[in-house]
Amino acid sequence: MEIVEKQYLSVESLLSYRTRSTYNKLGKLIDHISSSLKSLEMEQTGNIIFSLKENTYGTDEVILDLEFFVPVSKEFKSNEFYVYKPQIKLYNAVRARHSGTYDTLINSRKKFQTYLSQKCYQPITDFYYYVNNSNLVDIYVGINGNIV
């Protein structure tokens, strides 16, 4: 797994969508989001980014609380399903490159967290997953630039 420090991530004009799913269904959900934009009369202008939180909820499979950020071609009025966000910016971020399926994404994140801990880096943002394609996802996290 490739890890690169001092990264910058900036994306503008985003459709934000929150839902729940599982690691196994993540790929199909991402494809569905991309293909559904036409019915919203919007065009995707960049790669999808998402954040996640794991929950067990007493189930056999981990349930993910997900927020997707989709770069879109125009600003829109937020509603109960989709929220317009003007931008995402991460400064002083560390990026790890995950190569593999979505259901092995958790393994890359654990390795990434171990790396951050060994370097004594303090994450100050959520982990953001930048989807390059179905087998290549960059994981970004903003870290505290202060050393005390």
# chains A, B, ... in the order shown; residues from 1 in each chain; ligands from 1
>>> residues_around(residues="range 68-73 of chain A", least_positions_apart="2", cutoff="7 Å", atoms="only C-alpha atoms", output="NGL selection string")
:A and (12-18 or 42-51 or 66)
>>> write_last_selection(atoms="all heavy atoms", output="short mmCIF file (atom, residue, chain, number, x, y, z; two decimals), in the first residue's frame")
data_model
loop_
_atom_site.label_atom_id
_atom_site.label_comp_id
_atom_site.auth_asym_id
_atom_site.auth_seq_id
_atom_site.Cartn_x
_atom_site.Cartn_y
_atom_site.Cartn_z
N GLU A 12 -14.95 21.03 -5.70
CA GLU A 12 -16.02 22.03 -5.57
C GLU A 12 -17.33 21.53 -6.16
O GLU A 12 -17.35 20.61 -6.98
CB GLU A 12 -15.60 23.32 -6.28
CG GLU A 12 -14.39 23.97 -5.64
CD GLU A 12 -13.98 25.25 -6.32
OE1 GLU A 12 -14.54 25.60 -7.38
OE2 GLU A 12 -13.07 25.91 -5.80
N SER A 13 -18.42 22.17 -5.75
CA SER A 13 -19.78 21.93 -6.24
C SER A 13 -20.18 20.46 -6.10
O SER A 13 -20.14 19.69 -7.05
CB SER A 13 -19.90 22.37 -7.71
OG SER A 13 -21.24 22.33 -8.12
N LEU A 14 -20.58 20.11 -4.88
CA LEU A 14 -20.84 18.71 -4.55
C LEU A 14 -22.28 18.44 -4.17
O LEU A 14 -22.90 19.21 -3.45
CB LEU A 14 -19.95 18.30 -3.38
CG LEU A 14 -18.45 18.42 -3.63
CD1 LEU A 14 -17.72 18.73 -2.37
CD2 LEU A 14 -17.93 17.15 -4.25
N LEU A 15 -22.78 17.30 -4.61
CA LEU A 15 -24.04 16.77 -4.15
C LEU A 15 -23.69 15.81 -3.02
O LEU A 15 -22.86 14.91 -3.18
CB LEU A 15 -24.74 16.01 -5.27
CG LEU A 15 -26.03 15.27 -4.93
CD1 LEU A 15 -26.96 15.30 -6.12
CD2 LEU A 15 -25.77 13.84 -4.53
N SER A 16 -24.28 16.02 -1.85
CA SER A 16 -24.05 15.15 -0.70
C SER A 16 -25.27 14.26 -0.50
O SER A 16 -26.40 14.75 -0.50
CB SER A 16 -23.80 16.00 0.55
OG SER A 16 -23.83 15.19 1.70
N TYR A 17 -25.01 12.97 -0.33
CA TYR A 17 -26.09 12.00 -0.15
C TYR A 17 -25.69 11.05 0.98
O TYR A 17 -24.60 10.48 0.94
CB TYR A 17 -26.32 11.23 -1.45
CG TYR A 17 -27.27 10.07 -1.33
CD1 TYR A 17 -28.62 10.27 -1.03
CD2 TYR A 17 -26.83 8.76 -1.50
CE1 TYR A 17 -29.50 9.21 -0.93
CE2 TYR A 17 -27.70 7.69 -1.40
CZ TYR A 17 -29.03 7.92 -1.10
OH TYR A 17 -29.89 6.86 -0.98
N ARG A 18 -26.55 10.90 1.98
CA ARG A 18 -26.29 10.01 3.11
C ARG A 18 -27.19 8.78 3.01
O ARG A 18 -28.36 8.88 2.67
CB ARG A 18 -26.56 10.71 4.43
CG ARG A 18 -25.57 11.79 4.75
CD ARG A 18 -25.92 12.43 6.09
NE ARG A 18 -25.04 13.54 6.36
CZ ARG A 18 -24.06 13.52 7.26
NH1 ARG A 18 -23.86 12.45 7.98
NH2 ARG A 18 -23.30 14.58 7.43
N MET A 42 -28.50 16.37 -13.61
CA MET A 42 -27.15 16.81 -13.22
C MET A 42 -26.12 15.93 -13.91
O MET A 42 -26.39 14.79 -14.27
CB MET A 42 -26.97 16.70 -11.71
CG MET A 42 -27.77 17.71 -10.96
SD MET A 42 -27.28 17.68 -9.24
CE MET A 42 -28.76 18.36 -8.52
N GLU A 43 -24.95 16.50 -14.06
CA GLU A 43 -23.85 15.79 -14.69
C GLU A 43 -22.71 15.67 -13.68
O GLU A 43 -22.36 16.64 -13.02
CB GLU A 43 -23.39 16.58 -15.91
CG GLU A 43 -22.44 15.86 -16.79
CD GLU A 43 -22.14 16.69 -18.05
OE1 GLU A 43 -23.08 17.24 -18.64
OE2 GLU A 43 -20.94 16.79 -18.38
N GLN A 44 -22.15 14.48 -13.57
CA GLN A 44 -21.02 14.26 -12.68
C GLN A 44 -19.77 14.83 -13.33
O GLN A 44 -19.48 14.54 -14.48
CB GLN A 44 -20.84 12.76 -12.42
CG GLN A 44 -19.76 12.44 -11.43
CD GLN A 44 -19.71 10.96 -11.09
OE1 GLN A 44 -20.71 10.25 -11.20
NE2 GLN A 44 -18.54 10.50 -10.69
N THR A 45 -19.01 15.65 -12.58
CA THR A 45 -17.85 16.33 -13.16
C THR A 45 -16.51 15.82 -12.61
O THR A 45 -15.47 16.33 -12.98
CB THR A 45 -17.93 17.85 -12.92
OG1 THR A 45 -17.98 18.09 -11.52
CG2 THR A 45 -19.15 18.44 -13.61
N GLY A 46 -16.56 14.85 -11.72
CA GLY A 46 -15.33 14.32 -11.13
C GLY A 46 -15.61 13.01 -10.42
O GLY A 46 -16.71 12.48 -10.49
N ASN A 47 -14.61 12.54 -9.71
CA ASN A 47 -14.72 11.26 -9.03
C ASN A 47 -15.51 11.38 -7.72
O ASN A 47 -15.43 12.39 -7.03
CB ASN A 47 -13.33 10.70 -8.73
CG ASN A 47 -12.57 10.36 -9.98
OD1 ASN A 47 -12.98 10.69 -11.08
ND2 ASN A 47 -11.45 9.70 -9.83
N ILE A 48 -16.22 10.33 -7.40
CA ILE A 48 -17.00 10.27 -6.17
C ILE A 48 -16.07 10.12 -4.97
O ILE A 48 -15.08 9.40 -5.02
CB ILE A 48 -18.02 9.11 -6.21
CG1 ILE A 48 -19.11 9.42 -7.24
CG2 ILE A 48 -18.62 8.85 -4.84
CD1 ILE A 48 -20.14 8.34 -7.40
N ILE A 49 -16.43 10.81 -3.90
CA ILE A 49 -15.72 10.73 -2.63
C ILE A 49 -16.75 10.28 -1.60
O ILE A 49 -17.91 10.68 -1.67
CB ILE A 49 -15.14 12.10 -2.23
CG1 ILE A 49 -14.18 12.61 -3.31
CG2 ILE A 49 -14.46 12.04 -0.86
CD1 ILE A 49 -13.83 14.07 -3.15
N PHE A 50 -16.34 9.48 -0.64
CA PHE A 50 -17.27 9.13 0.43
C PHE A 50 -16.54 9.03 1.76
O PHE A 50 -15.33 8.85 1.81
CB PHE A 50 -18.05 7.84 0.12
CG PHE A 50 -17.22 6.59 0.03
CD1 PHE A 50 -16.99 5.80 1.15
CD2 PHE A 50 -16.69 6.18 -1.18
CE1 PHE A 50 -16.25 4.64 1.06
CE2 PHE A 50 -15.95 5.02 -1.28
CZ PHE A 50 -15.73 4.24 -0.16
N SER A 51 -17.32 9.18 2.83
CA SER A 51 -16.82 8.93 4.17
C SER A 51 -17.71 7.86 4.78
O SER A 51 -18.84 7.66 4.33
CB SER A 51 -16.83 10.20 5.02
OG SER A 51 -18.14 10.67 5.21
N LEU A 66 -22.87 6.03 5.53
CA LEU A 66 -22.10 6.60 4.43
C LEU A 66 -22.57 7.99 4.07
O LEU A 66 -23.77 8.28 4.10
CB LEU A 66 -22.25 5.71 3.19
CG LEU A 66 -21.71 4.30 3.31
CD1 LEU A 66 -22.40 3.37 2.33
CD2 LEU A 66 -20.21 4.30 3.06
#
>>> residues_around(residues="Asp126 in chain A", least_positions_apart="3", cutoff="9 Å", atoms="only C-alpha atoms", output="list in words")
Ser51, Leu52, Pro123, Tyr140, Val141 and Gly142 of chain A
>>> residues_around(residues="Gly27 in chain A", least_positions_apart="5", cutoff="12 Å", atoms="only C-alpha atoms", output="PyMOL selection string")
chain A and resi 21-22+32-34+48+50+100-105+131+133-137
>>> write_last_selection(atoms="C-alpha atoms", output="PDB file, in the first residue's frame")
ATOM      1  CA  SER A  21     -25.060  -0.046   3.236  1.00  0.00           C
ATOM      2  CA  THR A  22     -22.427  -2.779   3.593  1.00  0.00           C
ATOM      3  CA  HIS A  32     -26.149   3.495  -8.914  1.00  0.00           C
ATOM      4  CA  ILE A  33     -25.382   7.008  -7.669  1.00  0.00           C
ATOM      5  CA  SER A  34     -23.425   7.828 -10.835  1.00  0.00           C
ATOM      6  CA  ILE A  48     -17.004  10.274  -6.165  1.00  0.00           C
ATOM      7  CA  PHE A  50     -17.270   9.131   0.429  1.00  0.00           C
ATOM      8  CA  GLY A 100      -8.455  -4.230  -4.300  1.00  0.00           C
ATOM      9  CA  THR A 101     -12.152  -4.727  -3.785  1.00  0.00           C
ATOM     10  CA  TYR A 102     -14.419  -2.623  -1.574  1.00  0.00           C
ATOM     11  CA  ASP A 103     -14.852  -5.448   0.922  1.00  0.00           C
ATOM     12  CA  THR A 104     -11.071  -5.342   1.653  1.00  0.00           C
ATOM     13  CA  LEU A 105     -11.105  -1.565   2.133  1.00  0.00           C
ATOM     14  CA  VAL A 131     -12.879   6.509  -5.897  1.00  0.00           C
ATOM     15  CA  ASN A 133     -12.134   3.148 -10.170  1.00  0.00           C
ATOM     16  CA  SER A 134     -13.693   0.013  -8.682  1.00  0.00           C
ATOM     17  CA  ASN A 135     -10.285  -1.437  -7.737  1.00  0.00           C
ATOM     18  CA  LEU A 136      -8.380   1.727  -6.806  1.00  0.00           C
ATOM     19  CA  VAL A 137      -9.421   4.029  -3.967  1.00  0.00           C
TER      20      VAL A 137
END
>>> closest_residue(among="A:Ile143, A:Val83, A:Ile63, A:Ile106", to="Tyr129 in chain A", atoms="only C-alpha atoms")
A:Ile106
>>> residues_around(residues="Lys89 in chain A", least_positions_apart="3", cutoff="9 Å", atoms="only C-alpha atoms", output="PyMOL selection string")
chain A and resi 8-12
>>> write_last_selection(atoms="all heavy atoms", output="compact mmCIF listing (two decimals), in the first residue's frame")
# COMPACT_ATOMS: atom_id res chain seq x y z
N TYR A 8 -3.00 17.41 -0.69
CA TYR A 8 -4.04 18.43 -0.72
C TYR A 8 -5.18 17.87 -1.56
O TYR A 8 -4.96 17.35 -2.64
CB TYR A 8 -3.45 19.70 -1.34
CG TYR A 8 -4.43 20.80 -1.62
CD1 TYR A 8 -4.96 21.57 -0.60
CD2 TYR A 8 -4.81 21.09 -2.93
CE1 TYR A 8 -5.84 22.60 -0.86
CE2 TYR A 8 -5.70 22.12 -3.20
CZ TYR A 8 -6.20 22.87 -2.16
OH TYR A 8 -7.08 23.90 -2.42
N LEU A 9 -6.39 17.97 -1.03
CA LEU A 9 -7.57 17.52 -1.77
C LEU A 9 -8.57 18.66 -1.79
O LEU A 9 -8.92 19.19 -0.74
CB LEU A 9 -8.19 16.30 -1.11
CG LEU A 9 -9.50 15.76 -1.72
CD1 LEU A 9 -9.25 15.22 -3.13
CD2 LEU A 9 -10.10 14.68 -0.83
N SER A 10 -8.98 19.07 -2.97
CA SER A 10 -9.95 20.16 -3.11
C SER A 10 -10.91 19.82 -4.24
O SER A 10 -10.49 19.56 -5.37
CB SER A 10 -9.23 21.47 -3.41
OG SER A 10 -10.16 22.51 -3.60
N VAL A 11 -12.21 19.79 -3.90
CA VAL A 11 -13.24 19.51 -4.88
C VAL A 11 -14.39 20.47 -4.63
O VAL A 11 -14.76 20.72 -3.49
CB VAL A 11 -13.75 18.04 -4.77
CG1 VAL A 11 -14.77 17.74 -5.85
CG2 VAL A 11 -12.59 17.06 -4.85
N GLU A 12 -14.95 21.03 -5.70
CA GLU A 12 -16.02 22.03 -5.57
C GLU A 12 -17.33 21.53 -6.16
O GLU A 12 -17.35 20.61 -6.98
CB GLU A 12 -15.60 23.32 -6.28
CG GLU A 12 -14.39 23.97 -5.64
CD GLU A 12 -13.98 25.25 -6.32
OE1 GLU A 12 -14.54 25.60 -7.38
OE2 GLU A 12 -13.07 25.91 -5.80
>>> residues_around(residues="Ile124 in chain A", least_positions_apart="2", cutoff="12 Å", atoms="only C-alpha atoms", output="PDB file with N, CA and C atoms, in the first residue's frame")
ATOM      1  N   LEU A  90      -9.013  19.587   1.989  1.00  0.00           N
ATOM      2  CA  LEU A  90      -8.145  19.015   3.010  1.00  0.00           C
ATOM      3  C   LEU A  90      -6.732  19.510   2.765  1.00  0.00           C
ATOM      4  N   TYR A  91      -6.176  20.150   3.773  1.00  0.00           N
ATOM      5  CA  TYR A  91      -4.782  20.582   3.733  1.00  0.00           C
ATOM      6  C   TYR A  91      -3.979  19.659   4.638  1.00  0.00           C
ATOM      7  N   ASN A  92      -2.707  19.537   4.384  1.00  0.00           N
ATOM      8  CA  ASN A  92      -1.830  18.722   5.219  1.00  0.00           C
ATOM      9  C   ASN A  92      -2.446  17.340   5.449  1.00  0.00           C
ATOM     10  N   ALA A  93      -2.803  16.701   4.368  1.00  0.00           N
ATOM     11  CA  ALA A  93      -3.426  15.382   4.441  1.00  0.00           C
ATOM     12  C   ALA A  93      -2.391  14.300   4.146  1.00  0.00           C
ATOM     13  N   VAL A  94      -2.701  13.107   4.585  1.00  0.00           N
ATOM     14  CA  VAL A  94      -1.926  11.927   4.235  1.00  0.00           C
ATOM     15  C   VAL A  94      -2.847  11.065   3.378  1.00  0.00           C
ATOM     16  N   LEU A 116      -0.263   5.941  10.669  1.00  0.00           N
ATOM     17  CA  LEU A 116      -0.471   7.244  11.305  1.00  0.00           C
ATOM     18  C   LEU A 116      -0.063   7.205  12.771  1.00  0.00           C
ATOM     19  N   TYR A 121       0.972  10.864  14.085  1.00  0.00           N
ATOM     20  CA  TYR A 121       0.111  11.840  13.422  1.00  0.00           C
ATOM     21  C   TYR A 121      -1.275  11.793  14.049  1.00  0.00           C
ATOM     22  N   GLN A 122      -1.832  12.969  14.265  1.00  0.00           N
ATOM     23  CA  GLN A 122      -3.159  13.075  14.860  1.00  0.00           C
ATOM     24  C   GLN A 122      -4.170  13.453  13.779  1.00  0.00           C
ATOM     25  N   ASP A 126     -12.386  13.328   9.173  1.00  0.00           N
ATOM     26  CA  ASP A 126     -12.802  11.969   8.849  1.00  0.00           C
ATOM     27  C   ASP A 126     -11.864  11.425   7.782  1.00  0.00           C
ATOM     28  N   PHE A 127     -11.945  10.130   7.544  1.00  0.00           N
ATOM     29  CA  PHE A 127     -11.249   9.524   6.419  1.00  0.00           C
ATOM     30  C   PHE A 127     -12.145   9.705   5.199  1.00  0.00           C
ATOM     31  N   TYR A 128     -11.579  10.183   4.114  1.00  0.00           N
ATOM     32  CA  TYR A 128     -12.328  10.390   2.875  1.00  0.00           C
ATOM     33  C   TYR A 128     -11.774   9.448   1.814  1.00  0.00           C
ATOM     34  N   TYR A 140      -7.897   9.579   2.131  1.00  0.00           N
ATOM     35  CA  TYR A 140      -7.299  10.814   2.619  1.00  0.00           C
ATOM     36  C   TYR A 140      -7.730  11.076   4.059  1.00  0.00           C
ATOM     37  N   VAL A 141      -6.826  11.614   4.848  1.00  0.00           N
ATOM     38  CA  VAL A 141      -7.181  12.103   6.179  1.00  0.00           C
ATOM     39  C   VAL A 141      -6.322  13.337   6.459  1.00  0.00           C
ATOM     40  N   GLY A 142      -6.972  14.395   6.960  1.00  0.00           N
ATOM     41  CA  GLY A 142      -6.243  15.590   7.361  1.00  0.00           C
ATOM     42  C   GLY A 142      -5.621  15.355   8.731  1.00  0.00           C
ATOM     43  N   ILE A 143      -4.370  15.782   8.881  1.00  0.00           N
ATOM     44  CA  ILE A 143      -3.689  15.582  10.159  1.00  0.00           C
ATOM     45  C   ILE A 143      -3.305  16.916  10.771  1.00  0.00           C
ATOM     46  N   ASN A 144      -3.175  16.915  12.075  1.00  0.00           N
ATOM     47  CA  ASN A 144      -2.785  18.107  12.805  1.00  0.00           C
ATOM     48  C   ASN A 144      -1.337  18.432  12.476  1.00  0.00           C
ATOM     49  N   GLY A 145      -1.064  19.630  12.040  1.00  0.00           N
ATOM     50  CA  GLY A 145       0.283  20.046  11.698  1.00  0.00           C
ATOM     51  C   GLY A 145       1.115  20.454  12.908  1.00  0.00           C
ATOM     52  N   ASN A 146       0.471  20.552  14.057  1.00  0.00           N
ATOM     53  CA  ASN A 146       1.194  20.954  15.276  1.00  0.00           C
ATOM     54  C   ASN A 146       1.872  19.756  15.924  1.00  0.00           C
TER      55      ASN A 146
END
>>> select_by_dssp(residues="range 6-147 of chain A", states="helix (DSSP H, G or I)", output="PyMOL selection string")
chain A and resi 23-40+102-118
